Amino acid sequence: MSSSVAPSDSDTVVNERTALLDAGHQGQKKATPLPKFQIAILLLALLVEPIASQSIYPYINQLVSELDITGGDERKVGYYAGLIESIFFATQALTILQWSRTSDRVGRKPVLLLGIFGLSLSMICFGLSRTLSGLIVSRCITGALNGNIGVMKSMMGELTDATNMAQGFALMPIAFSFGATIGPMIGGALEHPQRHFPNIFPGAFWSQFPYFLPSGIAAAFSVICFLTILFFLKETLPRQRTEEKSMSALDGEALNVPQNAVEDSPVSIRSLFVPSVLIPVANYGCIAIFEMAMFALQPLFYSTPIELGGLGFDPSTIGLWMGTFGIVNGVLQTMIFAPLVNRFGAKTVFQFCAGIFIPIIALFPITNIVAHQYGSCILMFITAAAPNKRSLGATNGLAQMTASIVRAITPATATSMFAYSIQHKLMGGYAVYVVLITASIFALRITTKLPGSPGKRA
């Protein structure tokens with residue numbers, strides 16, 4: 001004879017309408033210690049992403065010029081460089097939501113491993129490509145197989161709780177910044193190794209494939225990461241425990257389990273199209289526009305001759321400056337992110353960061369004029385917006401799909417606007433920056449729609 005056991009005061013009853021950050025943590029004040037080893041492995045996986053993706057930035061414009069795609073017209077380099085950068089996000093936008101939803105069902109680890117494998121394969125293909133179509137196909141491989149970003153954010157949400165989530169998510173941009181430091185330095189220092197290190201890299205191979213070395217090193221990083229995840233990373237999806245309890249309940253056993261043990265299951269995609277989810281996703285999409293515009297314009301601005309509106313840097317110098325940016329970004333994230341969120345709240349910090357894009361973009365034309373004379377709070381909102389833990393992958397997948405769509409459009413759009421502004425001398429060649437500043441003001445307005453803090457309703 002089965003008997004029901006009433007939930008104790010320590011049990012928290014939640015359902016699919018309960019904000020994720022509120023579930024099970026109301027009244028808890030003392031920060032839970034972070035699972036350091038598991039988070040370290042997760043950050044290693046995140047580190048590999050920018051190493052691979054940003055290692056191409058210092059030399060991508062030079063590569064386009066060498067392939068003679070533009071017919072010798074340096075002003076058109078931006079069009080094709082933007083296309084190569086965008087195609088990854090275009091293919092990722094088509095698949096990332098499905099990968100994230102798959103991770104809600106089969107687990108985070110298998111999807112993460114597949115993405116790392118695809119990243120390694122694509123970098124090898126990129127280094128061996130000598131045609132525009134080859135470059136595009138290699139980028140498509142990464143995008144089609146890579147659902148890693150959404151899965152990693154889901155795993156960070158599962159490894160943390162309301163008391164330490166700010167600390168956990170603050171580590172993600174630090175790892176990304178570290179990768180963004182290493183990646184450009186690898187690309188800028190190791191392109192054309194036969195030219196820079198003729199005694200170490202002799203032979204026709206390095207002459208025929210001058211960009212294989214930085215691509216191969218990025219692929220090697222991916223292989224190391226793959227093996228580390230395979231042997232040491234634990235699955236974070238709470239699938240097995242919930243299923244076992246659900247089956248026991250069906251067998252009529254008396255169980256003292258929270259209500260969400262049965263109800264905490266993946267929800268439909270339609271259930272995610274509610275303001276509490278869509279507002280953080282829209283803000284993430286806006287911030288992704290400016291993030292990608294900056295990443296796309298920065299190397300193009302550095303490599304474009306001064307007389308055409310840039311600074312005229314060579315690839316090694318571009319790699320150095322982009323690497324320096326990564327170092328500064330990582331140090332600032334380490335020192336100030338969590339304290340600022342704890343003091344001012346995630347919404348205030350995010351609004352300030354969105355607004356800061358306005359003066360940053362304005363500095364591009366100012367820097368060129370001088371030369372003539374001589375980005376984590378939103379991740380907390382998205383995680384908190386998930387209806388339940390088993391829908392965390394789908395929620396992050398929806399956010400990442402939105403970001404991938406705008407990231408697919410933005411590099412080609414931004415670099416094309418840059419090239420068009422220069423070609424037609426719109427506003428002295430600086431029209432692209434006026435457009436981006438105007439868009440930044442619009443994005444700042446959208447941030448006001450966010451709830452006061454993660455877990456609350458707008």
# chains A, B, ... in the order shown; residues from 1 in each chain; ligands from 1
>>> residues_around(residues="A:Gly115", least_positions_apart="3", cutoff="10 Å", atoms="only C-alpha atoms", output="list in words")
Ala45, Glu49, Trp99, Lys109, Pro110, Val111, Leu112, Gly118, Leu119, Ser120, Leu121, Ile141, Thr142, Gly143, Ala144, Leu145, Asn146, Gly147, Asn148, Ile149, Val151, Ser222 and Phe226 of chain A
>>> residues_around(residues="A:Gln38", least_positions_apart="4", cutoff="9 Å", atoms="only C-alpha atoms", output="ChimeraX atom specification")
/A:34,42-43,159,232-234
>>> select_by_dssp(residues="stretch 292-427 of chain A", states="alpha helix (DSSP H)", output="PyMOL selection string")
chain A and resi 292-303+315-344+346-355+357-373+377-385+392-424
>>> residues_around(residues="A:Leu128", least_positions_apart="5", cutoff="12 Å", atoms="only C-alpha atoms", output="MDAnalysis selection string")
chainID A and resid 121:123 133:135 137:138 205:216
>>> write_last_selection(atoms="all heavy atoms", output="compact mmCIF listing (two decimals), in the first residue's frame")
# COMPACT_ATOMS: atom_id res chain seq x y z
N LEU A 121 38.35 19.58 -37.79
CA LEU A 121 38.31 19.21 -39.22
C LEU A 121 38.26 20.44 -40.10
O LEU A 121 38.97 20.53 -41.12
CB LEU A 121 37.08 18.33 -39.47
CG LEU A 121 36.83 17.91 -40.92
CD1 LEU A 121 37.97 17.03 -41.44
CD2 LEU A 121 35.49 17.16 -41.02
N SER A 122 37.45 21.42 -39.73
CA SER A 122 37.29 22.61 -40.57
C SER A 122 38.58 23.44 -40.62
O SER A 122 38.90 24.03 -41.66
CB SER A 122 36.14 23.47 -40.05
OG SER A 122 36.46 24.09 -38.83
N MET A 123 39.32 23.51 -39.51
CA MET A 123 40.55 24.30 -39.51
C MET A 123 41.61 23.67 -40.41
O MET A 123 42.37 24.37 -41.09
CB MET A 123 41.08 24.45 -38.08
CG MET A 123 40.25 25.37 -37.20
SD MET A 123 39.91 27.00 -37.92
CE MET A 123 41.58 27.66 -38.10
N SER A 133 35.87 29.02 -52.85
CA SER A 133 34.90 27.98 -52.53
C SER A 133 35.41 27.05 -51.44
O SER A 133 34.66 26.61 -50.57
CB SER A 133 34.55 27.18 -53.79
OG SER A 133 35.71 26.57 -54.33
N GLY A 134 36.70 26.74 -51.47
CA GLY A 134 37.29 25.89 -50.43
C GLY A 134 37.23 26.54 -49.06
O GLY A 134 36.93 25.88 -48.06
N LEU A 135 37.50 27.84 -49.01
CA LEU A 135 37.42 28.57 -47.75
C LEU A 135 35.99 28.57 -47.21
O LEU A 135 35.76 28.39 -46.02
CB LEU A 135 37.91 30.01 -47.94
CG LEU A 135 39.39 30.17 -48.32
CD1 LEU A 135 39.69 31.65 -48.65
CD2 LEU A 135 40.30 29.69 -47.22
N VAL A 137 33.54 26.37 -47.89
CA VAL A 137 33.14 25.02 -47.47
C VAL A 137 33.71 24.70 -46.09
O VAL A 137 33.01 24.12 -45.23
CB VAL A 137 33.58 23.97 -48.51
CG1 VAL A 137 33.42 22.56 -47.95
CG2 VAL A 137 32.77 24.13 -49.78
N SER A 138 34.96 25.06 -45.86
CA SER A 138 35.58 24.76 -44.57
C SER A 138 34.88 25.50 -43.44
O SER A 138 34.71 24.96 -42.34
CB SER A 138 37.07 25.12 -44.59
OG SER A 138 37.26 26.51 -44.73
N PHE A 205 55.68 22.74 -49.70
CA PHE A 205 54.38 22.67 -49.03
C PHE A 205 54.03 23.99 -48.35
O PHE A 205 52.91 24.51 -48.49
CB PHE A 205 54.37 21.55 -48.00
CG PHE A 205 53.09 21.46 -47.20
CD1 PHE A 205 52.00 20.77 -47.70
CD2 PHE A 205 52.99 22.09 -45.95
CE1 PHE A 205 50.81 20.70 -46.96
CE2 PHE A 205 51.81 22.02 -45.23
CZ PHE A 205 50.72 21.33 -45.74
N TRP A 206 54.98 24.57 -47.61
CA TRP A 206 54.71 25.80 -46.87
C TRP A 206 54.57 26.99 -47.81
O TRP A 206 53.94 27.99 -47.44
CB TRP A 206 55.80 26.04 -45.84
CG TRP A 206 55.93 24.90 -44.88
CD1 TRP A 206 56.93 23.98 -44.82
CD2 TRP A 206 54.98 24.55 -43.86
NE1 TRP A 206 56.68 23.07 -43.82
CE2 TRP A 206 55.49 23.39 -43.22
CE3 TRP A 206 53.77 25.08 -43.43
CZ2 TRP A 206 54.82 22.78 -42.16
CZ3 TRP A 206 53.11 24.46 -42.38
CH2 TRP A 206 53.63 23.33 -41.77
N SER A 207 55.15 26.88 -48.98
CA SER A 207 54.97 27.94 -49.98
C SER A 207 53.60 27.85 -50.63
O SER A 207 52.95 28.86 -50.90
CB SER A 207 56.06 27.83 -51.05
OG SER A 207 55.86 28.78 -52.07
N GLN A 208 53.13 26.62 -50.84
CA GLN A 208 51.83 26.42 -51.48
C GLN A 208 50.68 26.67 -50.51
O GLN A 208 49.61 27.16 -50.91
CB GLN A 208 51.74 25.00 -52.04
CG GLN A 208 50.46 24.73 -52.82
CD GLN A 208 50.43 23.32 -53.39
OE1 GLN A 208 51.38 22.54 -53.20
NE2 GLN A 208 49.36 22.99 -54.09
N PHE A 209 50.90 26.34 -49.23
CA PHE A 209 49.86 26.52 -48.22
C PHE A 209 50.40 27.39 -47.08
O PHE A 209 50.68 26.90 -45.98
CB PHE A 209 49.39 25.17 -47.67
CG PHE A 209 48.88 24.23 -48.73
CD1 PHE A 209 49.66 23.16 -49.16
CD2 PHE A 209 47.64 24.44 -49.32
CE1 PHE A 209 49.20 22.30 -50.15
CE2 PHE A 209 47.17 23.58 -50.31
CZ PHE A 209 47.95 22.51 -50.73
N PRO A 210 50.54 28.68 -47.32
CA PRO A 210 51.20 29.56 -46.33
C PRO A 210 50.39 29.81 -45.07
O PRO A 210 50.92 30.36 -44.10
CB PRO A 210 51.38 30.87 -47.11
CG PRO A 210 50.30 30.84 -48.16
CD PRO A 210 50.15 29.40 -48.54
N TYR A 211 49.11 29.38 -45.04
CA TYR A 211 48.29 29.62 -43.86
C TYR A 211 47.91 28.31 -43.15
O TYR A 211 47.05 28.31 -42.27
CB TYR A 211 47.02 30.39 -44.25
CG TYR A 211 47.32 31.71 -44.90
CD1 TYR A 211 47.23 31.87 -46.28
CD2 TYR A 211 47.73 32.80 -44.14
CE1 TYR A 211 47.53 33.08 -46.89
CE2 TYR A 211 48.04 34.02 -44.73
CZ TYR A 211 47.93 34.15 -46.10
OH TYR A 211 48.24 35.34 -46.69
N PHE A 212 48.58 27.23 -43.52
CA PHE A 212 48.26 25.95 -42.89
C PHE A 212 48.79 25.87 -41.46
O PHE A 212 48.14 25.27 -40.59
CB PHE A 212 48.84 24.78 -43.70
CG PHE A 212 48.55 23.44 -43.09
CD1 PHE A 212 47.30 22.86 -43.22
CD2 PHE A 212 49.51 22.77 -42.34
CE1 PHE A 212 47.02 21.63 -42.63
CE2 PHE A 212 49.24 21.54 -41.75
CZ PHE A 212 47.99 20.97 -41.90
N LEU A 213 49.94 26.48 -41.18
CA LEU A 213 50.54 26.36 -39.85
C LEU A 213 49.61 26.93 -38.76
O LEU A 213 49.33 26.23 -37.78
CB LEU A 213 51.91 27.02 -39.81
CG LEU A 213 52.66 26.91 -38.48
CD1 LEU A 213 52.90 25.45 -38.10
CD2 LEU A 213 53.99 27.66 -38.56
N PRO A 214 49.14 28.17 -38.87
CA PRO A 214 48.23 28.65 -37.82
C PRO A 214 46.93 27.85 -37.76
O PRO A 214 46.40 27.61 -36.67
CB PRO A 214 47.96 30.11 -38.21
CG PRO A 214 48.33 30.22 -39.65
CD PRO A 214 49.43 29.23 -39.86
N SER A 215 46.44 27.39 -38.91
CA SER A 215 45.22 26.58 -38.92
C SER A 215 45.47 25.23 -38.27
O SER A 215 44.64 24.71 -37.52
CB SER A 215 44.72 26.38 -40.35
OG SER A 215 44.40 27.61 -40.95
N GLY A 216 46.65 24.62 -38.55
CA GLY A 216 46.99 23.33 -37.97
C GLY A 216 47.17 23.39 -36.47
O GLY A 216 46.76 22.47 -35.75
>>> residues_around(residues="A:Met155", least_positions_apart="6", cutoff="9 Å", atoms="only C-alpha atoms", output="PDB file with N, CA, C and O atoms, in the first residue's frame")
ATOM      1  N   ILE A  39      34.338  23.061 -14.290  1.00  0.00           N
ATOM      2  CA  ILE A  39      34.263  24.365 -14.959  1.00  0.00           C
ATOM      3  C   ILE A  39      35.544  24.644 -15.725  1.00  0.00           C
ATOM      4  O   ILE A  39      35.514  25.241 -16.816  1.00  0.00           O
ATOM      5  N   LEU A  42      35.237  22.938 -18.983  1.00  0.00           N
ATOM      6  CA  LEU A  42      34.275  23.677 -19.804  1.00  0.00           C
ATOM      7  C   LEU A  42      34.912  24.934 -20.384  1.00  0.00           C
ATOM      8  O   LEU A  42      34.708  25.272 -21.557  1.00  0.00           O
ATOM      9  N   ARG A 108      24.651  16.819 -22.880  1.00  0.00           N
ATOM     10  CA  ARG A 108      25.499  17.923 -23.359  1.00  0.00           C
ATOM     11  C   ARG A 108      26.815  17.404 -23.966  1.00  0.00           C
ATOM     12  O   ARG A 108      27.291  17.908 -24.965  1.00  0.00           O
ATOM     13  N   GLU A 235      28.828  14.500 -17.494  1.00  0.00           N
ATOM     14  CA  GLU A 235      27.549  14.965 -18.041  1.00  0.00           C
ATOM     15  C   GLU A 235      26.811  15.792 -16.986  1.00  0.00           C
ATOM     16  O   GLU A 235      26.751  15.393 -15.818  1.00  0.00           O
ATOM     17  N   THR A 236      26.266  16.940 -17.392  1.00  0.00           N
ATOM     18  CA  THR A 236      25.562  17.812 -16.446  1.00  0.00           C
ATOM     19  C   THR A 236      24.048  17.735 -16.569  1.00  0.00           C
ATOM     20  O   THR A 236      23.335  18.210 -15.681  1.00  0.00           O
ATOM     21  N   LEU A 237      23.544  17.153 -17.652  1.00  0.00           N
ATOM     22  CA  LEU A 237      22.091  17.085 -17.834  1.00  0.00           C
ATOM     23  C   LEU A 237      21.487  16.151 -16.795  1.00  0.00           C
ATOM     24  O   LEU A 237      21.831  14.967 -16.752  1.00  0.00           O
ATOM     25  N   LEU A 392      16.845  24.219 -20.717  1.00  0.00           N
ATOM     26  CA  LEU A 392      17.935  25.182 -20.742  1.00  0.00           C
ATOM     27  C   LEU A 392      18.673  25.153 -22.080  1.00  0.00           C
ATOM     28  O   LEU A 392      19.055  26.190 -22.618  1.00  0.00           O
ATOM     29  N   GLY A 393      18.855  23.949 -22.625  1.00  0.00           N
ATOM     30  CA  GLY A 393      19.528  23.836 -23.912  1.00  0.00           C
ATOM     31  C   GLY A 393      18.730  24.492 -25.022  1.00  0.00           C
ATOM     32  O   GLY A 393      19.280  25.219 -25.859  1.00  0.00           O
TER      33      GLY A 393
END
>>> atom_distance(atom1="atom CA of A:Gly78", atom2="atom CA of A:Val281")
28.9 Å
>>> atom_distance(atom1="atom CA of A:Leu97", atom2="atom CA of A:Gly157")
17.2 Å
